[in-house]
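Have a look at start19.pdb; it's PDB, C-alpha atoms:
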```
ATOM      1  CA  MET A   1     -25.086  -5.234  -7.155
ATOM      2  CA  LYS A   2     -23.279  -2.466  -9.027
ATOM      3  CA  ALA A   3     -19.520  -2.706  -9.630
ATOM      4  CA  ALA A   4     -16.736  -1.201 -11.733
ATOM      5  CA  VAL A   5     -16.188  -4.053 -14.193
ATOM      6  CA  ILE A   6     -13.586  -4.692 -16.884
ATOM      7  CA  HIS A   7     -14.197  -6.952 -19.892
ATOM      8  CA  GLU A   8     -10.694  -6.608 -21.350
ATOM      9  CA  TYR A   9      -7.272  -5.205 -20.489
ATOM     10  CA  GLY A  10      -6.628  -1.615 -21.415
ATOM     11  CA  GLY A  11      -6.722   2.000 -20.326
ATOM     12  CA  PRO A  12      -8.983   3.597 -17.720
ATOM     13  CA  GLU A  13     -11.849   3.545 -20.217
ATOM     14  CA  VAL A  14     -12.246  -0.240 -19.865
ATOM     15  CA  LEU A  15     -13.720   0.283 -16.382
ATOM     16  CA  LYS A  16     -17.511   0.129 -16.777
ATOM     17  CA  TYR A  17     -20.025   0.795 -14.007
ATOM     18  CA  GLU A  18     -22.655  -1.901 -14.394
ATOM     19  CA  GLN A  19     -24.607  -4.727 -12.801
ATOM     20  CA  TYR A  20     -22.555  -7.670 -11.589
ATOM     21  CA  PRO A  21     -23.560 -10.850  -9.742
ATOM     22  CA  ASP A  22     -23.625 -10.605  -5.957
ATOM     23  CA  PRO A  23     -20.761 -12.597  -4.396
ATOM     24  CA  GLU A  24     -21.696 -15.524  -2.153
ATOM     25  CA  PRO A  25     -19.766 -16.087   1.088
ATOM     26  CA  GLY A  26     -18.288 -19.508   1.768
ATOM     27  CA  PRO A  27     -18.204 -21.111   5.218
ATOM     28  CA  ASP A  28     -15.127 -19.115   6.358
ATOM     29  CA  ASP A  29     -16.114 -15.846   4.703
ATOM     30  CA  ALA A  30     -17.830 -12.594   5.526
ATOM     31  CA  LEU A  31     -19.914 -10.609   3.074
ATOM     32  CA  VAL A  32     -19.097  -6.904   3.420
ATOM     33  CA  ARG A  33     -21.141  -3.979   2.166
ATOM     34  CA  VAL A  34     -18.373  -1.728   0.886
ATOM     35  CA  ALA A  35     -18.148   1.780   2.297
ATOM     36  CA  ALA A  36     -15.041   2.637   0.269
ATOM     37  CA  ALA A  37     -12.401   0.966  -1.874
ATOM     38  CA  GLY A  38      -8.850   2.283  -2.077
ATOM     39  CA  ILE A  39      -7.007   2.626  -5.381
ATOM     40  CA  ASN A  40      -3.439   1.270  -5.428
ATOM     41  CA  PRO A  41      -0.812   1.153  -8.207
ATOM     42  CA  VAL A  42      -1.306  -2.611  -8.513
ATOM     43  CA  ASP A  43      -4.905  -1.955  -9.588
ATOM     44  CA  LEU A  44      -3.634  -0.019 -12.594
ATOM     45  CA  SER A  45      -1.138  -2.761 -13.421
ATOM     46  CA  GLU A  46      -3.865  -5.380 -13.176
ATOM     47  CA  ARG A  47      -6.160  -3.354 -15.438
ATOM     48  CA  LYS A  48      -3.409  -3.042 -18.063
ATOM     49  CA  GLY A  49      -2.643  -6.762 -18.008
ATOM     50  CA  LEU A  50       0.829  -6.297 -16.511
ATOM     51  CA  THR A  51       0.090  -8.832 -13.754
ATOM     52  CA  LYS A  52      -1.610 -11.437 -15.944
ATOM     53  CA  ASP A  53       1.291 -13.899 -15.675
ATOM     54  CA  TRP A  54       0.721 -14.292 -11.928
ATOM     55  CA  ARG A  55      -2.744 -12.814 -11.394
ATOM     56  CA  PRO A  56      -4.858 -12.886 -14.556
ATOM     57  CA  VAL A  57      -8.253 -11.220 -14.542
ATOM     58  CA  ILE A  58     -11.151 -13.574 -15.202
ATOM     59  CA  PHE A  59     -13.390 -11.500 -17.483
ATOM     60  CA  PRO A  60     -15.713  -9.898 -16.755
ATOM     61  CA  GLY A  61     -13.761  -8.989 -13.619
ATOM     62  CA  VAL A  62     -13.715  -6.585 -10.712
ATOM     63  CA  LEU A  63     -10.478  -4.925  -9.584
ATOM     64  CA  GLY A  64      -9.519  -3.548  -6.185
ATOM     65  CA  TRP A  65      -7.456  -4.784  -3.227
ATOM     66  CA  ASP A  66      -8.544  -2.467  -0.371
ATOM     67  CA  LEU A  67     -11.889  -1.969   1.292
ATOM     68  CA  SER A  68     -13.723  -0.806   4.359
ATOM     69  CA  GLY A  69     -17.342  -1.522   5.126
ATOM     70  CA  THR A  70     -19.946  -3.279   7.220
ATOM     71  CA  VAL A  71     -20.453  -7.010   7.647
ATOM     72  CA  VAL A  72     -23.865  -8.017   6.257
ATOM     73  CA  ALA A  73     -23.610 -11.829   6.198
ATOM     74  CA  LEU A  74     -21.373 -14.550   7.626
ATOM     75  CA  GLY A  75     -20.400 -18.052   6.589
ATOM     76  CA  ASP A  76     -21.541 -20.917   8.781
ATOM     77  CA  ASP A  77     -18.093 -21.475  10.324
ATOM     78  CA  VAL A  78     -17.382 -17.858  11.303
ATOM     79  CA  GLN A  79     -17.480 -17.408  15.058
ATOM     80  CA  ASP A  80     -15.617 -14.201  15.929
ATOM     81  CA  LEU A  81     -17.438 -11.613  13.816
ATOM     82  CA  ALA A  82     -20.955 -10.244  13.983
ATOM     83  CA  ILE A  83     -23.282  -8.794  11.386
ATOM     84  CA  GLY A  84     -23.160  -5.012  11.590
ATOM     85  CA  GLU A  85     -19.501  -4.744  12.578
ATOM     86  CA  GLU A  86     -17.379  -2.177  10.737
ATOM     87  CA  VAL A  87     -14.262  -3.693   9.197
ATOM     88  CA  PHE A  88     -11.391  -2.989   6.811
ATOM     89  CA  ALA A  89      -9.060  -5.308   4.929
ATOM     90  CA  TRP A  90      -6.800  -6.111   2.034
ATOM     91  CA  GLY A  91      -9.175  -8.231  -0.001
ATOM     92  CA  TYR A  92      -9.878  -8.648  -3.710
ATOM     93  CA  HIS A  93     -12.586  -7.464  -6.125
ATOM     94  CA  THR A  94     -13.345  -4.466  -3.911
ATOM     95  CA  TYR A  95     -14.618  -2.037  -6.601
ATOM     96  CA  ALA A  96     -18.170  -3.123  -5.876
ATOM     97  CA  GLU A  97     -21.095  -2.610  -3.547
ATOM     98  CA  LEU A  98     -20.487  -6.030  -1.957
ATOM     99  CA  CYS A  99     -17.306  -8.023  -1.402
ATOM    100  CA  VAL A 100     -16.502 -11.418   0.100
ATOM    101  CA  VAL A 101     -13.428 -11.595   2.347
ATOM    102  CA  LYS A 102     -12.038 -14.394   4.500
ATOM    103  CA  ALA A 103     -13.274 -13.534   7.980
ATOM    104  CA  LYS A 104      -9.826 -14.035   9.541
ATOM    105  CA  LEU A 105      -8.419 -11.329   7.252
ATOM    106  CA  LEU A 106     -10.840  -8.623   8.406
ATOM    107  CA  ALA A 107      -9.807  -6.036  10.986
ATOM    108  CA  ARG A 108     -12.361  -4.192  13.061
ATOM    109  CA  VAL A 109     -12.262  -0.437  12.500
ATOM    110  CA  PRO A 110     -10.936   1.127  15.737
ATOM    111  CA  ALA A 111     -13.043   3.693  17.545
ATOM    112  CA  GLY A 112     -12.285   7.166  16.233
ATOM    113  CA  LEU A 113     -11.166   6.057  12.756
ATOM    114  CA  ASP A 114     -13.497   7.164   9.974
ATOM    115  CA  LEU A 115     -14.945   4.113   8.199
ATOM    116  CA  VAL A 116     -14.434   5.504   4.689
ATOM    117  CA  LYS A 117     -10.875   6.680   5.360
ATOM    118  CA  ALA A 118      -9.961   3.250   6.745
ATOM    119  CA  ALA A 119     -10.034   1.960   3.149
ATOM    120  CA  ALA A 120      -6.781   3.824   2.443
ATOM    121  CA  LEU A 121      -4.789   1.684   4.871
ATOM    122  CA  PRO A 122      -4.664  -2.082   4.342
ATOM    123  CA  LEU A 123      -2.354  -2.733   1.383
ATOM    124  CA  VAL A 124       0.000   0.196   2.019
ATOM    125  CA  SER A 125       0.250  -0.516   5.743
ATOM    126  CA  ALA A 126       0.983  -4.204   5.208
ATOM    127  CA  THR A 127       3.608  -3.348   2.586
ATOM    128  CA  GLY A 128       5.316  -0.444   4.344
ATOM    129  CA  CYS A 129       5.280  -1.894   7.847
ATOM    130  CA  GLN A 130       6.441  -5.347   6.750
ATOM    131  CA  LEU A 131       9.169  -3.826   4.557
ATOM    132  CA  ILE A 132      10.778  -2.551   7.761
ATOM    133  CA  SER A 133       9.890  -5.216  10.304
ATOM    134  CA  VAL A 134      10.005  -8.393   8.196
ATOM    135  CA  ALA A 135      12.123  -7.767   5.114
ATOM    136  CA  GLY A 136      14.344  -5.081   6.628
ATOM    137  CA  GLU A 137      14.815  -6.768  10.008
ATOM    138  CA  ALA A 138      15.232  -3.232  11.373
ATOM    139  CA  LYS A 139      16.605  -2.852  14.886
ATOM    140  CA  ALA A 140      16.853   0.062  17.298
ATOM    141  CA  GLY A 141      19.929   2.182  16.678
ATOM    142  CA  GLN A 142      20.203   1.388  12.975
ATOM    143  CA  THR A 143      20.095   4.065  10.301
ATOM    144  CA  VAL A 144      17.395   3.455   7.689
ATOM    145  CA  LEU A 145      16.900   5.270   4.389
ATOM    146  CA  VAL A 146      13.323   4.972   3.091
ATOM    147  CA  SER A 147      13.185   5.815  -0.608
ATOM    148  CA  GLY A 148       9.850   7.016  -1.955
ATOM    149  CA  ALA A 149       9.092   8.149   1.574
ATOM    150  CA  ASN A 150       6.364  10.582   0.550
ATOM    151  CA  GLY A 151       4.178   7.816  -0.921
ATOM    152  CA  ALA A 152       1.694   5.917   1.202
ATOM    153  CA  VAL A 153       3.888   2.797   1.456
ATOM    154  CA  GLY A 154       6.933   4.926   2.236
ATOM    155  CA  ARG A 155       5.059   6.832   4.948
ATOM    156  CA  CYS A 156       4.165   3.565   6.644
ATOM    157  CA  ALA A 157       7.803   2.470   6.399
ATOM    158  CA  VAL A 158       9.058   5.725   7.955
ATOM    159  CA  PHE A 159       6.520   5.403  10.766
ATOM    160  CA  THR A 160       7.484   1.790  11.479
ATOM    161  CA  ALA A 161      11.223   2.436  11.419
ATOM    162  CA  LYS A 162      10.877   5.377  13.817
ATOM    163  CA  ASP A 163       8.672   3.281  16.066
ATOM    164  CA  ARG A 164      11.406   0.619  16.213
ATOM    165  CA  GLY A 165      13.980   3.148  17.407
ATOM    166  CA  CYS A 166      15.826   3.653  14.128
ATOM    167  CA  THR A 167      17.353   6.861  12.812
ATOM    168  CA  VAL A 168      15.297   7.458   9.682
ATOM    169  CA  ILE A 169      16.189   9.326   6.494
ATOM    170  CA  ALA A 170      13.291  10.115   4.183
ATOM    171  CA  GLY A 171      14.441   9.869   0.569
ATOM    172  CA  VAL A 172      12.262  11.852  -1.853
ATOM    173  CA  ARG A 173      12.550  13.931  -4.997
ATOM    174  CA  ALA A 174      13.843  17.475  -4.492
ATOM    175  CA  LYS A 175      10.427  18.954  -5.206
ATOM    176  CA  ASP A 176       8.962  16.924  -2.319
ATOM    177  CA  LEU A 177      11.501  17.883   0.351
ATOM    178  CA  ASP A 178       9.157  20.326   2.065
ATOM    179  CA  ALA A 179       6.357  17.748   2.341
ATOM    180  CA  ALA A 180       8.856  15.123   3.525
ATOM    181  CA  SER A 181       9.931  17.359   6.399
ATOM    182  CA  ARG A 182       6.556  16.613   8.020
ATOM    183  CA  LEU A 183       6.820  12.814   7.877
ATOM    184  CA  GLY A 184       8.504  12.449  11.254
ATOM    185  CA  ALA A 185      11.856  11.294   9.859
ATOM    186  CA  ASP A 186      15.131  12.470  11.424
ATOM    187  CA  GLN A 187      16.488  13.715   8.109
ATOM    188  CA  THR A 188      15.437  14.201   4.502
ATOM    189  CA  VAL A 189      17.470  13.803   1.330
ATOM    190  CA  ALA A 190      16.711  14.482  -2.330
ATOM    191  CA  VAL A 191      17.447  11.225  -4.115
ATOM    192  CA  ASP A 192      17.521  13.063  -7.458
ATOM    193  CA  ASP A 193      20.186  15.522  -6.245
ATOM    194  CA  GLU A 194      23.621  14.064  -7.028
ATOM    195  CA  ALA A 195      25.475  16.357  -4.628
ATOM    196  CA  ALA A 196      23.108  15.550  -1.768
ATOM    197  CA  MET A 197      23.448  11.833  -2.400
ATOM    198  CA  ARG A 198      27.256  12.017  -2.524
ATOM    199  CA  ALA A 199      27.249  13.762   0.847
ATOM    200  CA  LEU A 200      25.006  11.146   2.443
ATOM    201  CA  GLU A 201      26.810   8.670   4.701
ATOM    202  CA  PRO A 202      26.117   4.948   4.083
ATOM    203  CA  VAL A 203      23.227   3.429   6.033
ATOM    204  CA  ASP A 204      22.443   0.060   7.591
ATOM    205  CA  LEU A 205      19.263  -0.441   5.593
ATOM    206  CA  VAL A 206      17.709   0.980   2.463
ATOM    207  CA  ALA A 207      13.958   0.307   2.486
ATOM    208  CA  ASN A 208      13.243   0.862  -1.181
ATOM    209  CA  CYS A 209       9.904   1.865  -2.705
ATOM    210  CA  VAL A 210      11.119   3.225  -6.065
ATOM    211  CA  ARG A 211      12.199   1.763  -9.408
ATOM    212  CA  GLY A 212      14.742   2.356 -12.131
ATOM    213  CA  PRO A 213      18.040   4.257 -11.992
ATOM    214  CA  THR A 214      17.213   5.831  -8.634
ATOM    215  CA  ALA A 215      16.945   2.415  -7.001
ATOM    216  CA  THR A 216      20.236   1.361  -8.599
ATOM    217  CA  ARG A 217      22.020   4.468  -7.284
ATOM    218  CA  LEU A 218      20.794   3.741  -3.775
ATOM    219  CA  LEU A 219      22.696   0.453  -3.698
ATOM    220  CA  ALA A 220      25.870   2.475  -3.189
ATOM    221  CA  LYS A 221      24.436   3.954   0.009
ATOM    222  CA  VAL A 222      24.305   0.671   1.945
ATOM    223  CA  LYS A 223      27.142  -0.125   4.354
ATOM    224  CA  PRO A 224      29.155  -3.315   3.764
ATOM    225  CA  GLY A 225      27.116  -6.094   5.331
ATOM    226  CA  GLY A 226      23.990  -3.948   5.231
ATOM    227  CA  LEU A 227      20.684  -4.695   3.557
ATOM    228  CA  PHE A 228      18.811  -3.327   0.556
ATOM    229  CA  ALA A 229      15.184  -4.451   0.958
ATOM    230  CA  SER A 230      12.837  -3.535  -1.866
ATOM    231  CA  VAL A 231       9.139  -3.795  -2.680
ATOM    232  CA  THR A 232       9.916  -3.147  -6.371
ATOM    233  CA  GLY A 233      12.348  -6.014  -6.858
ATOM    234  CA  VAL A 234      16.147  -6.095  -6.765
ATOM    235  CA  PRO A 235      17.365  -3.238  -8.983
ATOM    236  CA  GLU A 236      19.552  -3.619 -12.024
ATOM    237  CA  GLY A 237      23.229  -3.485 -11.120
ATOM    238  CA  ALA A 238      22.952  -5.207  -7.756
ATOM    239  CA  ASP A 239      25.586  -7.770  -8.763
ATOM    240  CA  ALA A 240      28.196  -5.000  -8.551
ATOM    241  CA  TYR A 241      27.645  -4.789  -4.778
ATOM    242  CA  PRO A 242      28.543  -8.229  -3.367
ATOM    243  CA  GLN A 243      29.333  -6.652  -0.002
ATOM    244  CA  LEU A 244      25.651  -6.074   0.792
ATOM    245  CA  ARG A 245      22.523  -8.192   0.957
ATOM    246  CA  THR A 246      19.553  -7.559  -1.315
ATOM    247  CA  LYS A 247      16.040  -8.745  -0.747
ATOM    248  CA  ALA A 248      12.997  -8.460  -3.029
ATOM    249  CA  PHE A 249       9.961  -8.389  -0.774
ATOM    250  CA  VAL A 250       6.287  -9.154  -1.354
ATOM    251  CA  SER A 251       3.965  -8.283   1.525
ATOM    252  CA  LYS A 252       1.193 -10.473   2.894
ATOM    253  CA  GLN A 253      -2.318  -9.832   4.185
ATOM    254  CA  ASP A 254      -1.981  -9.158   7.898
ATOM    255  CA  VAL A 255      -4.607  -7.790  10.272
ATOM    256  CA  GLY A 256      -1.914  -6.739  12.738
ATOM    257  CA  SER A 257      -0.306  -4.419  10.185
ATOM    258  CA  TYR A 258      -3.606  -2.665   9.430
ATOM    259  CA  LEU A 259      -4.362  -2.108  13.109
ATOM    260  CA  TYR A 260      -0.804  -0.962  13.816
ATOM    261  CA  ALA A 261      -1.035   1.705  11.112
ATOM    262  CA  ALA A 262      -4.547   2.667  12.223
ATOM    263  CA  LYS A 263      -3.211   3.359  15.714
ATOM    264  CA  GLY A 264      -0.506   5.505  14.153
ATOM    265  CA  LEU A 265      -3.170   7.535  12.366
ATOM    266  CA  LEU A 266      -5.202   7.960  15.533
ATOM    267  CA  ASP A 267      -2.082   9.002  17.465
ATOM    268  CA  ARG A 268      -1.232  11.482  14.686
ATOM    269  CA  ARG A 269       2.168   9.856  14.164
ATOM    270  CA  LEU A 270       1.216   8.674  10.668
ATOM    271  CA  GLN A 271      -0.570  10.501   7.878
ATOM    272  CA  ILE A 272      -1.946   8.966   4.689
ATOM    273  CA  PRO A 273      -3.294  11.912   2.677
ATOM    274  CA  ILE A 274      -6.486  11.252   0.724
ATOM    275  CA  THR A 275      -6.749  13.537  -2.289
ATOM    276  CA  LYS A 276     -10.396  12.864  -3.006
ATOM    277  CA  THR A 277     -13.241  10.403  -2.648
ATOM    278  CA  LEU A 278     -15.153   9.729  -5.865
ATOM    279  CA  PRO A 279     -18.287   7.705  -6.627
ATOM    280  CA  LEU A 280     -17.595   4.159  -7.766
ATOM    281  CA  SER A 281     -19.289   5.095 -11.029
ATOM    282  CA  GLN A 282     -16.272   7.349 -11.715
ATOM    283  CA  ALA A 283     -13.668   4.587 -11.366
ATOM    284  CA  ALA A 284     -12.373   5.260 -14.887
ATOM    285  CA  GLU A 285     -11.838   8.941 -14.112
ATOM    286  CA  ALA A 286     -10.147   8.017 -10.841
ATOM    287  CA  HIS A 287      -7.716   5.659 -12.585
ATOM    288  CA  ALA A 288      -6.902   8.324 -15.145
ATOM    289  CA  ALA A 289      -6.136  10.807 -12.360
ATOM    290  CA  VAL A 290      -3.871   8.326 -10.562
ATOM    291  CA  GLU A 291      -1.991   7.593 -13.788
ATOM    292  CA  LYS A 292      -1.175  11.287 -14.197
ATOM    293  CA  GLY A 293       0.690  11.124 -10.889
ATOM    294  CA  GLY A 294       1.400  13.791  -8.322
ATOM    295  CA  ILE A 295      -1.552  12.920  -6.110
ATOM    296  CA  ALA A 296      -2.090  10.990  -2.926
ATOM    297  CA  LYS A 297      -4.796   8.395  -2.307
ATOM    298  CA  ILE A 298      -8.110   8.320  -4.157
ATOM    299  CA  LEU A 299     -10.977   6.337  -2.663
ATOM    300  CA  LEU A 300     -14.036   5.017  -4.486
ATOM    301  CA  LYS A 301     -17.357   5.130  -2.683
ATOM    302  CA  PRO A 302     -20.221   2.891  -3.881
TER
END
```
Final structure tokens representation of the file:
Amino acid sequence: MKAAVIHEYGGPEVLKYEQYPDPEPGPDDALVRVAAAGINPVDLSERKGLTKDWRPVIFPGVLGWDLSGTVVALGDDVQDLAIGEEVFAWGYHTYAELCVVKAKLLARVPAGLDLVKAAALPLVSATGCQLISVAGEAKAGQTVLVSGANGAVGRCAVFTAKDRGCTVIAGVRAKDLDAASRLGADQTVAVDDEAAMRALEPVDLVANCVRGPTATRLLAKVKPGGLFASVTGVPEGADAYPQLRTKAFVSKQDVGSYLYAAKGLLDRRLQIPITKTLPLSQAAEAHAAVEKGGIAKILLKP
């Protein structure tokens, strides 16, 4: 098969489109012919070697955590999937024509959802939805501030919090306020506007998707006894706020999260913008574009 392969850590240029051995499914696996692979920030970190302490690349290696596609082979112990079914999942090594995924981690693509576009969902839906429901323990009637709300993870968090009956504030940069007004939140706030942040009343939960000084400033916006749940780790300075709880959260593969977000897309209550779909052979160019920032999802199509 063809794949986007790296032989060393480095910049986008280390991604090479070349022949790579076909993966072989084990007894609990499905072999999927990839329709599209989604690019996520963790892919860039993995390519640079920033995740090598907990997830080193075995060279030559294939990146990618999201895929959609069609089942083309099944392991001997798989009973509840059929060859030809269209699926999507958070898997690994998805920048390729073929990918092996544990069958139990595959979600069937719902009727009406475009197969290629489904590749944009798995990792961001698991992360954003679980940030609210699992890490955030959000309950109806609570006020939730989602920082980084205009990103794909943040959009899923806003959607989930609204669906749970929360009052939701979308926290974004000032330049993104107009776009954030269409996310379905009850209110928007510019997290880089000091006056706007001073005027903001404390909330029950900050669901944090940003890093650095902005995340630290948001600690002051949690009520005493409230929760700061973060997918980027506990920010620097958290020790100065003993009156609140902090939680660093790492999401897990979860079919239910993917299907939940997919229903939100189909109901038009959730939007995950896809900037462009590029050939897998242009993976290096796609990574370079993502690194420049200011864009939504890019998908790679074998």
Of the residues A:Val158, A:Leu218, A:Leu299, A:Val134, which is the one nearest to Gly184 in chain A, using only C-alpha atoms?
A:Val158
To verify the selection step, state as an MDAnalysis selection string which residues the PyMOL selection byres ((chain A and resi 220) around 10) yields on this input.
chainID A and resid 197:198 202:203 215:219 221:224 228 238 240:241 244
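Proximity ranking of A:Gly293, A:Gly49, A:Pro25, A:Pro41 relative to Glu8 in chain A places A:Gly49 first, based on all atoms listed in the file.
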Give me, as a PDB file with C-alpha atoms, in the frame of the given file, all polymer residues having an atom no more than 10 Å from Tyr95 in chain A, counting all atoms listed in the file and skipping those fewer than 4 positions away in the same chain.
```pdb
ATOM      1  CA  LYS A   2     -23.279  -2.466  -9.027  1.00  0.00           C
ATOM      2  CA  ALA A   3     -19.520  -2.706  -9.630  1.00  0.00           C
ATOM      3  CA  ALA A   4     -16.736  -1.201 -11.733  1.00  0.00           C
ATOM      4  CA  VAL A   5     -16.188  -4.053 -14.193  1.00  0.00           C
ATOM      5  CA  TYR A  17     -20.025   0.795 -14.007  1.00  0.00           C
ATOM      6  CA  VAL A  34     -18.373  -1.728   0.886  1.00  0.00           C
ATOM      7  CA  ALA A  36     -15.041   2.637   0.269  1.00  0.00           C
ATOM      8  CA  ALA A  37     -12.401   0.966  -1.874  1.00  0.00           C
ATOM      9  CA  GLY A  38      -8.850   2.283  -2.077  1.00  0.00           C
ATOM     10  CA  ILE A  39      -7.007   2.626  -5.381  1.00  0.00           C
ATOM     11  CA  GLY A  61     -13.761  -8.989 -13.619  1.00  0.00           C
ATOM     12  CA  VAL A  62     -13.715  -6.585 -10.712  1.00  0.00           C
ATOM     13  CA  LEU A  63     -10.478  -4.925  -9.584  1.00  0.00           C
ATOM     14  CA  GLY A  64      -9.519  -3.548  -6.185  1.00  0.00           C
ATOM     15  CA  TRP A  65      -7.456  -4.784  -3.227  1.00  0.00           C
ATOM     16  CA  ASP A  66      -8.544  -2.467  -0.371  1.00  0.00           C
ATOM     17  CA  LEU A  67     -11.889  -1.969   1.292  1.00  0.00           C
ATOM     18  CA  CYS A  99     -17.306  -8.023  -1.402  1.00  0.00           C
ATOM     19  CA  LEU A 280     -17.595   4.159  -7.766  1.00  0.00           C
ATOM     20  CA  SER A 281     -19.289   5.095 -11.029  1.00  0.00           C
ATOM     21  CA  ALA A 283     -13.668   4.587 -11.366  1.00  0.00           C
ATOM     22  CA  LEU A 299     -10.977   6.337  -2.663  1.00  0.00           C
ATOM     23  CA  LEU A 300     -14.036   5.017  -4.486  1.00  0.00           C
ATOM     24  CA  LYS A 301     -17.357   5.130  -2.683  1.00  0.00           C
ATOM     25  CA  PRO A 302     -20.221   2.891  -3.881  1.00  0.00           C
TER      26      PRO A 302
END
```
Selected by the PyMOL selection byres ((chain A and resi 77-86) around 12) in the shown coordinates: which residues, as a PyMOL selection string?
chain A and resi 25-36+67-76+87-89+101-116+118-119
Pick from A:Val210, A:Ala284, A:Ile6, A:Val124, whichever lies nearest to Ser257 in chain A using only C-alpha atoms
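Distance minimum relative to Ser257 in chain A lands on A:Val124.
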Explicit residue set for the PyMOL selection byres ((chain A and resi 193) around 12), as a ChimeraX atom specification:
/A:171-177,188-192,194-200,214,217
Can you work out which one of A:Thr143, A:Lys162, A:Leu278, A:Leu121 has the shortest atom-to-atom distance to Leu259 in chain A, counting all atoms listed in the file?
A:Leu121
